Amino acid sequence: RGEPGANRRAVEILGDMLAGGKEEGGVPPDVISFNAVISACRHTRGQSAEERREALALAARTYRALLARPECGRPTTYTYSTLLQAVMSLGDGVEQQAKMARTYFNKCCEEGLLDNFILQQMERKMNQDLLGHVLGKEHRHILWNGNAGDGRLRVEQLPKEWSCNVIARKKGKKNYWKINK
């Protein structure tokens with residue numbers, strides 16, 4: 001789906017922004033810049049297994065780079081949604097997918113950034129066993145004890161602190177997420 005090499009090009013652009021963002025009239029990066037790189041990595045589908053592994057590694061490094069640069073902003077629900085999608089699209093086998101998805105899901109919940117969109121993406125991309133693993137043994141019962149009236153998993157069924165920093169998206173604003181801090 002993504003153009004070959006687009007993820008590497010996005011990393012180069014982010015690197016240029018980081019190197020010259022505040023001097024010579026450059027544009028300093030923000031969380032949206034990092035999210036764009038993670039998204040470019042996520043779209044590395046249909047290419048070789050090696051390219052997919054590299055794209056997932058680039059997405060993970062970009063996330064860590066964002067965490068290391070608080071002046072660029074904090075991860076958003078979009079950051080975590082895109083990371084989880086990248087893991088499911090690019091992960092090399094169920095074991096790697098489970099480990100990485102659980103790590104990013106836990107961090108998302110620690111930050112209070114879990115929203116229904118992330119849960120919908122997880123339900124769409126993960127089988128029940130993997131979804132149960134990611135939710136954790138203390139919450140996987142929700143999958144089998146009946147979800148909301150439409151059968152979907154909802155943040156309201158999970159601990160409130162997992163979504164306490166989410167501000168609802170504005171209607172008509174696709175891919176627009178903020179945090180409440």
# chains A, B, ... in the order shown; residues from 1 in each chain; ligands from 1
call {"tool": "residues_around", "arguments": {"residues": "range 81-98 of chain A", "least_positions_apart": "4", "cutoff": "6 Å", "atoms": "only C-alpha atoms", "output": "list of chain:residue names"}}
result
A:Arg42, A:Arg52, A:Arg102, A:Ile118
call {"tool": "residues_around", "arguments": {"residues": "Tyr80 in chain A", "least_positions_apart": "3", "cutoff": "12 Å", "atoms": "only C-alpha atoms", "output": "ChimeraX atom specification"}}
result
/A:31,34-35,38-39,42,59-60,63,74-77,83-87,100-115,117-119,121-122,177
call {"tool": "atom_distance", "arguments": {"atom1": "CA of Arg9 in chain A", "atom2": "CA of Arg124 in chain A"}}
result
29.0 Å
call {"tool": "residues_around", "arguments": {"residues": "Gly73 in chain A", "least_positions_apart": "6", "cutoff": "9 Å", "atoms": "only C-alpha atoms", "output": "list in words"}}
result
Asp30, Val31, Ile32, Leu66 and Leu67 of chain A
call {"tool": "residues_around", "arguments": {"residues": "Ser33 in chain A", "least_positions_apart": "6", "cutoff": "9 Å", "atoms": "only C-alpha atoms", "output": "VMD selection string"}}
result
chain A and resid 10 14 17 72
call {"tool": "residues_around", "arguments": {"residues": "Arg152 in chain A", "least_positions_apart": "6", "cutoff": "10 Å", "atoms": "only C-alpha atoms", "output": "PyMOL selection string"}}
result
chain A and resi 116+119-120+123+143+146
call {"tool": "write_last_selection", "arguments": {"atoms": "C-alpha atoms", "output": "PDB file, in the first residue's frame"}}
result
ATOM      1  CA  ASN A 116     -12.919   3.426  21.531  1.00  0.00           C
ATOM      2  CA  LEU A 119     -10.301  -0.753  20.839  1.00  0.00           C
ATOM      3  CA  GLN A 120     -12.140  -1.021  17.504  1.00  0.00           C
ATOM      4  CA  GLU A 123     -10.883  -5.948  17.629  1.00  0.00           C
ATOM      5  CA  LEU A 143     -14.546 -10.445  25.855  1.00  0.00           C
ATOM      6  CA  GLY A 146     -20.758 -10.003  26.784  1.00  0.00           C
TER       7      GLY A 146
END
call {"tool": "select_by_dssp", "arguments": {"residues": "chain A", "states": "strand (DSSP E or B)", "output": "PyMOL selection string"}}
result
chain A and resi 166-167+178-179
call {"tool": "write_last_selection", "arguments": {"atoms": "N, CA, C and O atoms", "output": "mmCIF file, in the first residue's frame"}}
result
data_model
loop_
_atom_site.group_PDB
_atom_site.id
_atom_site.type_symbol
_atom_site.label_atom_id
_atom_site.label_comp_id
_atom_site.auth_asym_id
_atom_site.auth_seq_id
_atom_site.Cartn_x
_atom_site.Cartn_y
_atom_site.Cartn_z
ATOM 1 N N VAL A 166 -8.351 11.380 27.537
ATOM 2 C CA VAL A 166 -8.863 11.453 26.167
ATOM 3 C C VAL A 166 -9.923 12.532 26.089
ATOM 4 O O VAL A 166 -10.819 12.604 26.921
ATOM 5 N N ILE A 167 -9.784 13.378 25.095
ATOM 6 C CA ILE A 167 -10.829 14.343 24.766
ATOM 7 C C ILE A 167 -11.474 13.821 23.489
ATOM 8 O O ILE A 167 -10.783 13.492 22.519
ATOM 9 N N LYS A 178 -6.621 14.798 20.793
ATOM 10 C CA LYS A 178 -5.894 15.634 21.737
ATOM 11 C C LYS A 178 -5.808 14.873 23.048
ATOM 12 O O LYS A 178 -6.527 13.925 23.279
ATOM 13 N N ILE A 179 -4.954 15.353 23.910
ATOM 14 C CA ILE A 179 -4.946 14.804 25.254
ATOM 15 C C ILE A 179 -5.377 15.878 26.230
ATOM 16 O O ILE A 179 -5.236 17.077 25.967
#
call {"tool": "select_by_dssp", "arguments": {"residues": "range 24-181 of chain A", "states": "alpha helix (DSSP H)", "output": "ChimeraX atom specification"}}
result
/A:31-42,49-68,77-90,94-110,116-125,128-135,141-144
call {"tool": "atom_distance", "arguments": {"atom1": "CA of Gly15 in chain A", "atom2": "CA of Lys99 in chain A"}}
result
28.0 Å
call {"tool": "closest_residue", "arguments": {"among": "A:Ala36, A:Leu153, A:Ala6, A:Ile13", "to": "Tyr78 in chain A", "atoms": "only C-alpha atoms"}}
result
A:Ala36
call {"tool": "decode", "arguments": {"residues": "range 109-125 of chain A", "atoms": "all heavy atoms", "output": "compact mmCIF listing (two decimals), in the first residue's frame"}}
result
# COMPACT_ATOMS: atom_id res chain seq x y z
N CYS A 109 -2.52 2.88 28.12
CA CYS A 109 -3.40 2.89 29.30
C CYS A 109 -2.77 3.67 30.45
O CYS A 109 -3.47 4.42 31.14
CB CYS A 109 -3.73 1.46 29.72
SG CYS A 109 -4.75 0.58 28.52
N GLU A 110 -1.46 3.52 30.66
CA GLU A 110 -0.76 4.29 31.71
C GLU A 110 -0.90 5.78 31.47
O GLU A 110 -1.00 6.57 32.42
CB GLU A 110 0.72 3.93 31.73
CG GLU A 110 1.04 2.59 32.32
CD GLU A 110 2.51 2.21 32.12
OE1 GLU A 110 3.35 3.13 31.90
OE2 GLU A 110 2.82 1.01 32.17
N GLU A 111 -0.88 6.18 30.20
CA GLU A 111 -1.00 7.59 29.84
C GLU A 111 -2.45 8.06 29.87
O GLU A 111 -2.73 9.25 29.68
CB GLU A 111 -0.42 7.84 28.45
CG GLU A 111 1.07 7.60 28.35
CD GLU A 111 1.88 8.71 29.01
OE1 GLU A 111 1.44 9.89 28.97
OE2 GLU A 111 2.93 8.40 29.58
N GLY A 112 -3.40 7.13 30.06
CA GLY A 112 -4.82 7.49 30.07
C GLY A 112 -5.34 7.85 28.69
O GLY A 112 -6.26 8.65 28.55
N LEU A 113 -4.78 7.23 27.63
CA LEU A 113 -5.10 7.61 26.26
C LEU A 113 -5.88 6.55 25.47
O LEU A 113 -5.98 6.64 24.25
CB LEU A 113 -3.82 7.98 25.51
CG LEU A 113 -3.11 9.22 26.02
CD1 LEU A 113 -1.78 9.42 25.32
CD2 LEU A 113 -4.00 10.45 25.86
N LEU A 114 -6.41 5.56 26.15
CA LEU A 114 -7.18 4.53 25.45
C LEU A 114 -8.54 5.09 25.06
O LEU A 114 -9.25 5.66 25.89
CB LEU A 114 -7.35 3.30 26.35
CG LEU A 114 -8.09 2.13 25.72
CD1 LEU A 114 -7.27 1.53 24.57
CD2 LEU A 114 -8.38 1.07 26.77
N ASP A 115 -8.90 4.94 23.80
CA ASP A 115 -10.22 5.37 23.36
C ASP A 115 -10.90 4.25 22.57
O ASP A 115 -10.29 3.21 22.31
CB ASP A 115 -10.17 6.68 22.57
CG ASP A 115 -9.49 6.58 21.21
OD1 ASP A 115 -9.05 5.48 20.82
OD2 ASP A 115 -9.40 7.61 20.53
N ASN A 116 -12.16 4.46 22.23
CA ASN A 116 -12.92 3.43 21.53
C ASN A 116 -12.36 3.13 20.15
O ASN A 116 -12.44 2.01 19.67
CB ASN A 116 -14.40 3.80 21.45
CG ASN A 116 -15.10 3.57 22.77
OD1 ASN A 116 -14.81 2.61 23.48
ND2 ASN A 116 -16.02 4.45 23.11
N PHE A 117 -11.76 4.12 19.50
CA PHE A 117 -11.17 3.87 18.19
C PHE A 117 -10.04 2.86 18.29
O PHE A 117 -9.93 1.95 17.47
CB PHE A 117 -10.67 5.18 17.56
CG PHE A 117 -10.09 4.98 16.19
CD1 PHE A 117 -10.92 4.79 15.10
CD2 PHE A 117 -8.72 4.96 16.00
CE1 PHE A 117 -10.37 4.58 13.83
CE2 PHE A 117 -8.17 4.77 14.74
CZ PHE A 117 -9.00 4.57 13.65
N ILE A 118 -9.18 3.00 19.29
CA ILE A 118 -8.09 2.04 19.48
C ILE A 118 -8.67 0.65 19.72
O ILE A 118 -8.21 -0.33 19.13
CB ILE A 118 -7.17 2.47 20.64
CG1 ILE A 118 -6.40 3.74 20.25
CG2 ILE A 118 -6.20 1.34 21.02
CD1 ILE A 118 -5.59 4.35 21.39
N LEU A 119 -9.69 0.55 20.56
CA LEU A 119 -10.30 -0.75 20.84
C LEU A 119 -10.92 -1.35 19.58
O LEU A 119 -10.80 -2.56 19.33
CB LEU A 119 -11.35 -0.63 21.94
CG LEU A 119 -10.80 -0.34 23.34
CD1 LEU A 119 -11.95 -0.11 24.31
CD2 LEU A 119 -9.90 -1.46 23.82
N GLN A 120 -11.56 -0.53 18.76
CA GLN A 120 -12.14 -1.02 17.50
C GLN A 120 -11.05 -1.55 16.57
O GLN A 120 -11.22 -2.59 15.94
CB GLN A 120 -12.94 0.08 16.81
CG GLN A 120 -14.21 0.43 17.52
CD GLN A 120 -14.84 1.71 16.98
OE1 GLN A 120 -14.38 2.28 15.98
NE2 GLN A 120 -15.88 2.18 17.64
N GLN A 121 -9.94 -0.83 16.49
CA GLN A 121 -8.83 -1.28 15.65
C GLN A 121 -8.27 -2.61 16.16
O GLN A 121 -7.96 -3.50 15.38
CB GLN A 121 -7.70 -0.23 15.63
CG GLN A 121 -8.07 1.04 14.91
CD GLN A 121 -8.38 0.78 13.45
OE1 GLN A 121 -7.62 0.14 12.74
NE2 GLN A 121 -9.51 1.27 13.00
N MET A 122 -8.15 -2.73 17.47
CA MET A 122 -7.65 -3.97 18.05
C MET A 122 -8.61 -5.13 17.76
O MET A 122 -8.17 -6.22 17.38
CB MET A 122 -7.44 -3.80 19.55
CG MET A 122 -6.27 -2.89 19.89
SD MET A 122 -6.16 -2.45 21.65
CE MET A 122 -6.02 -4.05 22.42
N GLU A 123 -9.90 -4.90 17.91
CA GLU A 123 -10.88 -5.95 17.63
C GLU A 123 -10.83 -6.37 16.17
O GLU A 123 -10.99 -7.54 15.85
CB GLU A 123 -12.30 -5.47 17.97
CG GLU A 123 -12.59 -5.48 19.45
CD GLU A 123 -14.02 -5.09 19.76
OE1 GLU A 123 -14.47 -4.03 19.28
OE2 GLU A 123 -14.68 -5.85 20.48
N ARG A 124 -10.62 -5.39 15.28
CA ARG A 124 -10.56 -5.68 13.85
C ARG A 124 -9.32 -6.47 13.46
O ARG A 124 -9.37 -7.34 12.59
CB ARG A 124 -10.59 -4.37 13.06
CG ARG A 124 -11.75 -4.29 12.11
CD ARG A 124 -11.80 -3.01 11.33
NE ARG A 124 -10.71 -2.93 10.38
CZ ARG A 124 -10.07 -1.82 10.08
NH1 ARG A 124 -10.41 -0.69 10.66
NH2 ARG A 124 -9.10 -1.80 9.21
N LYS A 125 -8.19 -6.16 14.08
CA LYS A 125 -6.91 -6.73 13.66
C LYS A 125 -6.47 -7.95 14.45
O LYS A 125 -5.61 -8.69 14.00
CB LYS A 125 -5.81 -5.66 13.78
CG LYS A 125 -6.07 -4.41 13.01
CD LYS A 125 -5.38 -4.44 11.70
CE LYS A 125 -5.54 -3.11 10.98
NZ LYS A 125 -5.25 -3.21 9.60
